[in-house]
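Structure first, commentary second.
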Amino acid sequence: MKRCLDKDRSRRIADASVATFVLNEPSPPAPEQRAAAVTQDRTARRARFAVAVVVACAAAAGAIVAGLSVWLSKPAPEAPLVTRLTITPPSPNPFRTTIGSNLHAAVSPDGRSVVYPDGRGALLVRPFDSLEARRLPGLGDPIDPFFSPDGQWIGFFNLTSALQKVAITGGPSAALVNLGGAAVRGGTWSEDNRIVFATAAATGLQLVSAEGGTPTSLTTPDRSKGEGDHHVLPQFLPRGRGVLFTILPVSGGLDRAQVAVLDLTSRTYKVILQGASHARYVATGHLIYASGGTLRAVPFDLDTLQVATTPPIPVLSQTAGAGGGAAYDVSPNGTLVYVTGQGAANTYYLFWVDRQGREEPLSAPPRSYLYPRLSPDGSRVALDIRDQDNDVWMWDLTRETLTRVTVDPGLDRFPVWTVDGRRLIFSTDRNGRREQLFIQNATDVGAPQPLLESSNQDLAMSVTKDGRVVVRRDFDLMLLTPNAGGGNPSIQPLVQTQFQEVTGALRPAVPRRHWRPLAGVTGWRGAAGVVSRRPRTLLHR
């Protein structure tokens, strides 16, 4: 009504319709009411936001709790299971080992069993989840077994004749290569059904089909680079990348050996480790190898065939092996089988054995004895001891003392007495040459003199009454006759056949009618080659 009566025309309502519209609209709230309404609205919005936040947090917390519940309900990832066990073969099935750069036993590719020879014409397969070993008989004299990649076959060497294979389930064996009785130095089976092996008859590695055939040569030692006469202990790398092997040194023990890898395509090889031997590759990308009597591991790139420059990690320090080697094998998944300590592989005792098989031990300490040789008067024994020094020693039977005869860092072995008992003839690889025959005074340590210098590997076997020497050369027997006027003696064939002739010894002065096997003598490693004046023989085992 005020607005209709207002004198100011700009403020006065001039039309009744406008007044009617205004009267029908709700009155605007007072300022106090507007402030209260704004405050109430803000409070409501804050409350709604708080409720939304609480609901969102509750949902998130529920999701987290549900996730944790699911995660905790799942089994935790298992840590790698490390299982350690010791196998002590029963006396009827002993674990047979040998001196030298051999592996003795093999672990299956799946790491679930081990195979080893029993020394009685059989291989023993021992699953790790079994208390008994399964015997594979009728194999002659098997040594150094190795598995096929699928684990269904076992390759092995027969000590007297051939490289062979036999199914892991047993049955007749199949001959692959005739070795002529040559000493063996390891074998390996590839994924494409080929076998690389090493023997003492050939200097380098040999390749043959796993079905048999004529082997081909893969490597030849290079003496100009300090390599010895043999490449040994091969192992195929995965995917056919190459072959690991050990290069034996010209002189000294395995502490001077080298590990090399062969490229099968180019037939060339390169050295990847110095002062190492017995290398094996594992799926973690490492090489396991022996050095100084300890197993070590070092990263290895399978693509570049290179060893990492990082320091190696010690794995085991109680492995057995001659001259710093190791008697062990490892599967691709890391199952390691090894012989502990110095082991039976290179420790022997000396015994007298009479013709009825009665044994009488000597008081000589256990050492790596080989080829004991009695002096002509029966008072002393010349000994070939294969340890870190590889020297000739003397055991005095009267004084019961052990004395070192040779001191050269090379390999001195196979000592034989001259007829007068004053000197010893032995083989040595000193001066970085192939094994030569030297002669030395047996009563004291003196400078040895060369007896025969040649490019052959000559080993003295025995001496005749007139001073001639029976020599083994390239697995034949030769007769060396000294030159009375000095100079190099003459040498002529004595026994040459298609087979291997070794350890030739002169018949003792015992009538043939008295010859017969020594009763009850088993498990012996060698004889003196000379029967003492008393009816007994010196053996070692």
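Identifiers for the structure tokens are assigned positionally: chains receive A, B, ... in sequence, residues are indexed from 1 per chain, and ligands are indexed from 1 in the order shown.
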Dump as a Markdown table the rows for residues of stretch 269-329 of chain A within 12 Å of stretch 128-151 of chain A: closest atom pair and distance in Å with one decimal, only C-alpha atoms counted, ordered by chain and rising residue number.
```
| residue | atom | partner | partner_atom | distance |
| --- | --- | --- | --- | --- |
| A:Ala327 | CA | A:Asp144 | CA | 10.6 |
| A:Tyr328 | CA | A:Asp144 | CA | 11.2 |
| A:Asp329 | CA | A:Phe146 | CA | 9.5 |
```
Print the selection's residues with N, CA and C atoms to a file, as a PDB file, in the first residue's frame.
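Generated file (result10.pdb):
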```pdb
ATOM      1  N   ALA A 327      86.015 -84.465  -6.518  1.00  0.00           N
ATOM      2  CA  ALA A 327      85.133 -85.546  -6.931  1.00  0.00           C
ATOM      3  C   ALA A 327      83.703 -85.090  -6.667  1.00  0.00           C
ATOM      4  N   TYR A 328      83.030 -84.532  -7.680  1.00  0.00           N
ATOM      5  CA  TYR A 328      81.688 -84.004  -7.489  1.00  0.00           C
ATOM      6  C   TYR A 328      80.957 -83.981  -8.817  1.00  0.00           C
ATOM      7  N   ASP A 329      79.639 -83.787  -8.740  1.00  0.00           N
ATOM      8  CA  ASP A 329      78.830 -83.521  -9.919  1.00  0.00           C
ATOM      9  C   ASP A 329      77.644 -82.673  -9.472  1.00  0.00           C
TER      10      ASP A 329
END
```
Expected answer as a PyMOL selection string: helix (DSSP H, G or I) residues in stretch 270-469 of chain A: chain A and resi 322-324+430-432
Stretch 197-210 of chain A environment, 10 Å, only C-alpha atoms, sequence neighbours closer than 3 positions dropped, as a PyMOL selection string: chain A and resi 148+155+157+163-165+175-177+179-190+192-194+213-222+228-235+243+245+247+262+474-475+500
Backbone-only DSSP, strand (DSSP E or B) members of stretch 435-484 of chain A, as number ranges by chain: A: 436-441, 449-452, 458-463, 469-473, 476-481
Neighbour list for stretch 296-307 of chain A as a VMD selection string, cut-off 6 Å, only C-alpha atoms, skip fewer than 5 positions in-chain: chain A and resid 285 to 289 312 to 315
Contacts of A:Leu451 within 12 Å, only C-alpha atoms, excl. fewer than 6 positions in-chain, as JSON, numbers by chain: {"A": [423, 424, 425, 426, 427, 428, 435, 436, 437, 438, 439, 440, 458, 459, 460, 468, 469, 471, 480, 481, 482, 483, 486, 487, 488, 489, 490, 491]}
Distance query A:Leu316 at most 10 Å, only C-alpha atoms, self and fewer than 3 positions along chain excluded, as a ChimeraX atom specification: /A:290,293-297,313,319,338,340
